[in-house]
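Colleague: Okay, so here is work_25.cif, and as you'll see once you scroll down, it has mmCIF, C-alpha atoms.
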data_query
loop_
_atom_site.group_PDB
_atom_site.id
_atom_site.type_symbol
_atom_site.label_atom_id
_atom_site.label_comp_id
_atom_site.auth_asym_id
_atom_site.auth_seq_id
_atom_site.Cartn_x
_atom_site.Cartn_y
_atom_site.Cartn_z
ATOM 1 C CA MET A 172 -58.439 -35.272 23.382
ATOM 2 C CA HIS A 173 -62.097 -34.940 22.525
ATOM 3 C CA PHE A 174 -63.036 -35.762 26.171
ATOM 4 C CA ALA A 175 -60.878 -32.936 27.605
ATOM 5 C CA ARG A 176 -62.391 -30.457 25.182
ATOM 6 C CA THR A 177 -66.022 -31.212 26.146
ATOM 7 C CA LEU A 178 -65.167 -31.127 29.848
ATOM 8 C CA LYS A 179 -63.617 -27.683 29.498
ATOM 9 C CA SER A 180 -66.617 -26.262 27.635
ATOM 10 C CA ARG A 181 -68.953 -27.412 30.435
ATOM 11 C CA GLN A 182 -67.128 -25.554 33.209
ATOM 12 C CA ARG A 183 -69.168 -22.864 34.852
ATOM 13 C CA GLY A 184 -68.549 -20.316 37.576
ATOM 14 C CA LEU A 185 -68.281 -16.660 38.460
ATOM 15 C CA THR A 186 -65.961 -14.225 36.801
ATOM 16 C CA MET A 187 -63.876 -11.999 39.049
ATOM 17 C CA PHE A 188 -66.180 -9.045 38.419
ATOM 18 C CA SER A 189 -69.333 -10.991 39.277
ATOM 19 C CA PHE A 190 -67.659 -12.437 42.391
ATOM 20 C CA LEU A 191 -66.754 -8.931 43.597
ATOM 21 C CA PHE A 192 -70.288 -7.702 42.875
ATOM 22 C CA VAL A 193 -71.856 -10.584 44.823
ATOM 23 C CA ALA A 194 -69.392 -10.029 47.688
ATOM 24 C CA PHE A 195 -70.238 -6.298 47.751
ATOM 25 C CA VAL A 196 -73.976 -7.002 47.876
ATOM 26 C CA LEU A 197 -73.511 -9.534 50.693
ATOM 27 C CA VAL A 198 -71.370 -7.099 52.701
ATOM 28 C CA MET A 199 -73.990 -4.360 52.298
ATOM 29 C CA LEU A 200 -76.777 -6.715 53.417
ATOM 30 C CA ALA A 201 -74.709 -7.789 56.422
ATOM 31 C CA MET A 202 -74.097 -4.135 57.310
ATOM 32 C CA LEU A 203 -77.812 -3.355 57.135
ATOM 33 C CA ALA A 204 -78.632 -6.390 59.261
ATOM 34 C CA MET A 205 -76.077 -5.391 61.901
ATOM 35 C CA LYS A 206 -77.685 -1.951 62.103
ATOM 36 C CA LEU A 207 -81.354 -3.034 61.951
ATOM 37 C CA VAL A 208 -81.392 -6.077 64.238
ATOM 38 C CA PRO A 209 -80.641 -4.099 67.459
ATOM 39 C CA ALA A 210 -83.341 -1.556 66.551
ATOM 40 C CA TYR A 211 -85.964 -4.267 66.119
ATOM 41 C CA ILE A 212 -84.863 -6.102 69.273
ATOM 42 C CA GLU A 213 -85.338 -2.874 71.213
ATOM 43 C CA TYR A 214 -88.707 -2.270 69.519
ATOM 44 C CA PHE A 215 -89.960 -5.709 70.524
ATOM 45 C CA SER A 216 -88.757 -5.033 74.095
ATOM 46 C CA VAL A 217 -90.713 -1.750 74.193
ATOM 47 C CA LYS A 218 -93.754 -3.476 72.729
ATOM 48 C CA LYS A 219 -93.569 -6.239 75.345
ATOM 49 C CA ILE A 220 -93.173 -3.723 78.189
ATOM 50 C CA LEU A 221 -96.206 -1.726 77.050
ATOM 51 C CA SER A 222 -98.245 -4.878 76.506
ATOM 52 C CA THR A 223 -97.571 -6.167 80.016
ATOM 53 C CA MET A 224 -98.275 -2.732 81.481
ATOM 54 C CA GLY A 225 -101.625 -2.688 79.676
ATOM 55 C CA GLN A 226 -102.628 -6.028 81.185
ATOM 56 C CA GLU A 227 -102.096 -4.912 84.787
ATOM 57 C CA SER A 228 -105.282 -4.570 86.795
ATOM 58 C CA ASP A 229 -104.122 -1.496 88.761
ATOM 59 C CA LEU A 230 -103.292 0.599 85.678
ATOM 60 C CA LYS A 231 -106.464 2.688 86.134
ATOM 61 C CA SER A 232 -105.464 3.794 89.608
ATOM 62 C CA LYS A 233 -101.901 4.805 88.685
ATOM 63 C CA SER A 234 -101.062 8.408 87.912
ATOM 64 C CA ASN A 235 -99.207 9.355 84.733
ATOM 65 C CA ALA A 236 -96.021 9.874 86.749
ATOM 66 C CA ASP A 237 -96.387 6.387 88.270
ATOM 67 C CA ILE A 238 -96.888 4.878 84.804
ATOM 68 C CA ARG A 239 -93.790 6.663 83.503
ATOM 69 C CA SER A 240 -91.663 5.560 86.460
ATOM 70 C CA ASP A 241 -92.939 1.996 86.036
ATOM 71 C CA PHE A 242 -91.940 2.136 82.369
ATOM 72 C CA ALA A 243 -88.510 3.553 83.286
ATOM 73 C CA ARG A 244 -87.909 0.695 85.723
ATOM 74 C CA ARG A 245 -88.948 -1.942 83.177
ATOM 75 C CA ALA A 246 -86.973 -0.256 80.386
ATOM 76 C CA GLU A 247 -83.835 -0.301 82.494
ATOM 77 C CA VAL A 248 -84.211 -4.035 83.089
ATOM 78 C CA GLY A 249 -84.982 -4.624 79.386
ATOM 79 C CA TYR A 250 -81.987 -2.549 78.175
ATOM 80 C CA VAL A 251 -84.226 -0.054 76.356
ATOM 81 C CA THR A 252 -82.256 3.125 75.681
ATOM 82 C CA VAL A 253 -84.075 4.848 72.823
ATOM 83 C CA VAL A 254 -87.454 5.399 74.495
ATOM 84 C CA LYS A 255 -87.421 7.635 77.559
ATOM 85 C CA PRO A 256 -90.266 7.927 80.098
ATOM 86 C CA GLU A 257 -90.975 11.418 78.726
ATOM 87 C CA ASP A 258 -91.779 9.837 75.328
ATOM 88 C CA ILE A 259 -94.661 7.814 76.781
ATOM 89 C CA VAL A 260 -98.200 9.056 76.040
ATOM 90 C CA VAL A 261 -101.025 8.023 78.377
ATOM 91 C CA ASP A 262 -104.524 8.254 76.880
ATOM 92 C CA ARG A 263 -107.256 8.053 79.534
ATOM 93 C CA HIS A 264 -110.318 8.546 77.306
ATOM 94 C CA GLY A 265 -111.446 4.905 77.384
ATOM 95 C CA ALA A 266 -112.277 2.567 80.243
ATOM 96 C CA VAL A 267 -108.643 1.473 80.504
ATOM 97 C CA PRO A 268 -105.740 3.888 79.983
ATOM 98 C CA VAL A 269 -103.748 3.244 76.820
ATOM 99 C CA VAL A 270 -99.998 3.692 77.072
ATOM 100 C CA SER A 271 -98.259 4.313 73.745
ATOM 101 C CA THR A 272 -95.142 5.753 72.185
ATOM 102 C CA ASP A 273 -93.946 6.796 68.740
ATOM 103 C CA TYR A 274 -90.217 7.100 68.252
ATOM 104 C CA THR A 275 -87.534 7.245 65.604
ATOM 105 C CA TYR A 276 -84.395 5.114 65.587
ATOM 106 C CA ARG A 277 -81.489 6.750 63.742
ATOM 107 C CA THR A 278 -78.048 5.238 63.162
ATOM 108 C CA LYS A 279 -75.098 6.037 60.902
ATOM 109 C CA LEU A 280 -74.401 3.719 57.986
ATOM 110 C CA VAL A 281 -71.448 5.091 56.047
ATOM 111 C CA GLY A 282 -70.067 8.618 56.089
ATOM 112 C CA ASN A 283 -72.965 11.045 56.050
ATOM 113 C CA VAL A 284 -75.569 8.374 55.190
ATOM 114 C CA SER A 285 -77.918 7.445 58.032
ATOM 115 C CA LEU A 286 -80.579 4.805 58.489
ATOM 116 C CA VAL A 287 -83.867 6.050 59.992
ATOM 117 C CA VAL A 288 -86.654 3.742 61.187
ATOM 118 C CA ASP A 289 -89.958 4.916 62.736
ATOM 119 C CA PHE A 290 -91.613 2.730 65.374
ATOM 120 C CA SER A 291 -94.983 2.872 67.102
ATOM 121 C CA ALA A 292 -95.958 0.702 70.081
ATOM 122 C CA SER A 293 -99.033 0.657 72.297
ATOM 123 C CA SER A 294 -100.482 -1.223 75.242
ATOM 124 C CA ASP A 295 -103.708 -1.622 73.228
ATOM 125 C CA PRO A 296 -103.443 -4.755 71.070
ATOM 126 C CA ASN A 297 -106.104 -3.371 68.689
ATOM 127 C CA ALA A 298 -104.309 -0.067 68.096
ATOM 128 C CA ALA A 299 -103.665 0.610 64.426
ATOM 129 C CA ALA A 300 -100.195 1.518 63.279
ATOM 130 C CA VAL A 301 -99.708 5.245 62.760
ATOM 131 C CA GLU A 302 -98.901 6.344 59.210
ATOM 132 C CA VAL A 303 -95.802 8.534 59.215
ATOM 133 C CA GLU A 304 -95.370 10.943 56.334
#
Rewrite the structure from the file as structure tokens, please.
Modeller:
Amino acid sequence: MHFARTLKSRQRGLTMFSFLFVAFVLVMLAMLAMKLVPAYIEYFSVKKILSTMGQESDLKSKSNADIRSDFARRAEVGYVTVVKPEDIVVDRHGAVPVVSTDYTYRTKLVGNVSLVVDFSASSDPNAAAVEVE
């Protein structure tokens, strides 16, 4: 009888309330991940497109319209839908033109609550991230 009593006092686990709380937190994290992962995949696609465009030797000779159409073609292949060719900024002040974009990704979470993420990508690997206020 003494053995059964000590075994019972050593049992540990979650109460129903703590289990529901942990389940709620895990569901919320999964929801955030399902909303954020596509945004970051698209951001890395845009970043890769701009990086490869910046490494091309004929970038200096291309007009802004040619650069935008080149981006549109690459974005279509890379399934980029958030950034349009009109959102591309071409800075020709240096020796090599710098192609960059700043955009906002917005998606609904629950009801009237939305998730907003700001991204900045550039063909210049030394470009500093822009502070958004």
Colleague: I'd like the contact shell of Ala210 in chain A - 12 Å cut-off, only C-alpha atoms, skipping same-chain residues fewer than 6 positions apart - returned as a list of chain:residue names.
Modeller: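 Those residues are A:Leu203, A:Ala204, A:Ser216, A:Val217, A:Tyr250, A:Val251, A:Thr252, A:Val253, A:Val254, A:Tyr274, A:Thr275, A:Tyr276, A:Arg277, A:Thr278, A:Leu286, A:Val287, A:Val288, A:Asp289, A:Phe290.
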Colleague: Here is a test: counting all atoms listed in the file, which residue of A:Ala266, A:Ile212, A:Leu200, A:Leu280 is nearest to Gly225 in chain A?
Modeller: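 The closest residue to Gly225 in chain A is A:Ala266.
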Colleague: Just so the selection is clear, what residues does the PyMOL selection byres ((chain A and resi 268) around 12) cover here, as a ChimeraX atom specification?
Modeller: /A:221,224-235,238,260-267,269-271,293-295
Colleague: Rounded to one decimal in Å, what is the spacing between CA of Glu247 in chain A and CA of Pro296 in chain A?
Modeller: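 According to the coordinates, CA of Glu247 in chain A and CA of Pro296 in chain A are separated by 23.1 Å.
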Colleague: Go through A:Ile259, A:Met205, A:Val284, A:Val193 one by one, measure the shortest atom-to-atom distance of each to Asp237 in chain A using all atoms listed in the file, and give the residue with the smallest value.
Modeller: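 So, comparing all the options, the nearest one is A:Ile259.
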Colleague: Between CA of Asp258 in chain A and CA of Ser285 in chain A, measure the distance and give it in Å to one decimal.
Modeller: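 Atom-to-atom, CA of Asp258 in chain A to CA of Ser285 in chain A, that is 22.3 Å.
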Colleague: Fewer than 5 positions away in the same chain doesn't count, so skip those; otherwise give me all residues within 8 Å of Ile220 in chain A, counting all atoms listed in the file, as a VMD selection string.
Modeller: chain A and resid 242 245 to 246
Colleague: Include C-alpha atoms and write out the residues we just selected as a short mmCIF file (atom, residue, chain, number, x, y, z; two decimals), in the frame of the given file.
Modeller:
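New file part.cif:
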data_model
loop_
_atom_site.label_atom_id
_atom_site.label_comp_id
_atom_site.auth_asym_id
_atom_site.auth_seq_id
_atom_site.Cartn_x
_atom_site.Cartn_y
_atom_site.Cartn_z
CA PHE A 242 -91.94 2.14 82.37
CA ARG A 245 -88.95 -1.94 83.18
CA ALA A 246 -86.97 -0.26 80.39
#
Colleague: Taking all atoms of range 212-225 of chain A that appear in the file, build a box with edges along x, y and z, extend it by 8 Å on every side, and state its centre and edge lengths in Å to one decimal, as JSON.
Modeller:
{"center_x": -93.2, "center_y": -4.0, "center_z": 75.4, "size_x": 32.8, "size_y": 20.5, "size_z": 28.2}
Colleague: Where atoms are missing, can you supply N, CA and C atoms for range 278-294 of chain A and output the lot as a compact mmCIF listing (two decimals), in the coordinates of the input?
Modeller:
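Result file rebuild_15.txt:
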# COMPACT_ATOMS: atom_id res chain seq x y z
N THR A 278 -79.42 5.71 63.01
CA THR A 278 -78.05 5.24 63.16
C THR A 278 -77.26 5.54 61.89
N LYS A 279 -75.97 5.75 62.05
CA LYS A 279 -75.10 6.04 60.90
C LYS A 279 -74.82 4.75 60.14
N LEU A 280 -74.80 4.85 58.82
CA LEU A 280 -74.40 3.72 57.99
C LEU A 280 -72.96 3.90 57.53
N VAL A 281 -72.78 4.82 56.59
CA VAL A 281 -71.45 5.09 56.05
C VAL A 281 -71.33 6.59 55.82
N GLY A 282 -70.29 7.20 56.33
CA GLY A 282 -70.07 8.62 56.09
C GLY A 282 -71.23 9.46 56.58
N ASN A 283 -71.84 10.20 55.68
CA ASN A 283 -72.96 11.04 56.05
C ASN A 283 -74.31 10.40 55.73
N VAL A 284 -74.34 9.11 55.49
CA VAL A 284 -75.57 8.37 55.19
C VAL A 284 -76.07 7.71 56.47
N SER A 285 -77.32 8.00 56.82
CA SER A 285 -77.92 7.44 58.03
C SER A 285 -79.10 6.56 57.68
N LEU A 286 -79.42 5.68 58.61
CA LEU A 286 -80.58 4.80 58.49
C LEU A 286 -81.59 5.27 59.52
N VAL A 287 -82.83 5.56 59.10
CA VAL A 287 -83.87 6.05 59.99
C VAL A 287 -85.06 5.11 59.92
N VAL A 288 -85.51 4.65 61.11
CA VAL A 288 -86.65 3.74 61.19
C VAL A 288 -87.63 4.32 62.21
N ASP A 289 -88.92 4.42 61.84
CA ASP A 289 -89.96 4.92 62.74
C ASP A 289 -90.70 3.74 63.34
N PHE A 290 -90.91 3.79 64.67
CA PHE A 290 -91.61 2.73 65.37
C PHE A 290 -92.80 3.32 66.13
N SER A 291 -93.82 2.50 66.32
CA SER A 291 -94.98 2.87 67.10
C SER A 291 -95.41 1.65 67.90
N ALA A 292 -95.56 1.81 69.22
CA ALA A 292 -95.96 0.70 70.08
C ALA A 292 -97.03 1.20 71.04
N SER A 293 -97.93 0.29 71.44
CA SER A 293 -99.03 0.66 72.30
C SER A 293 -99.40 -0.51 73.21
N SER A 294 -100.00 -0.18 74.34
CA SER A 294 -100.48 -1.22 75.24
C SER A 294 -101.80 -1.81 74.75
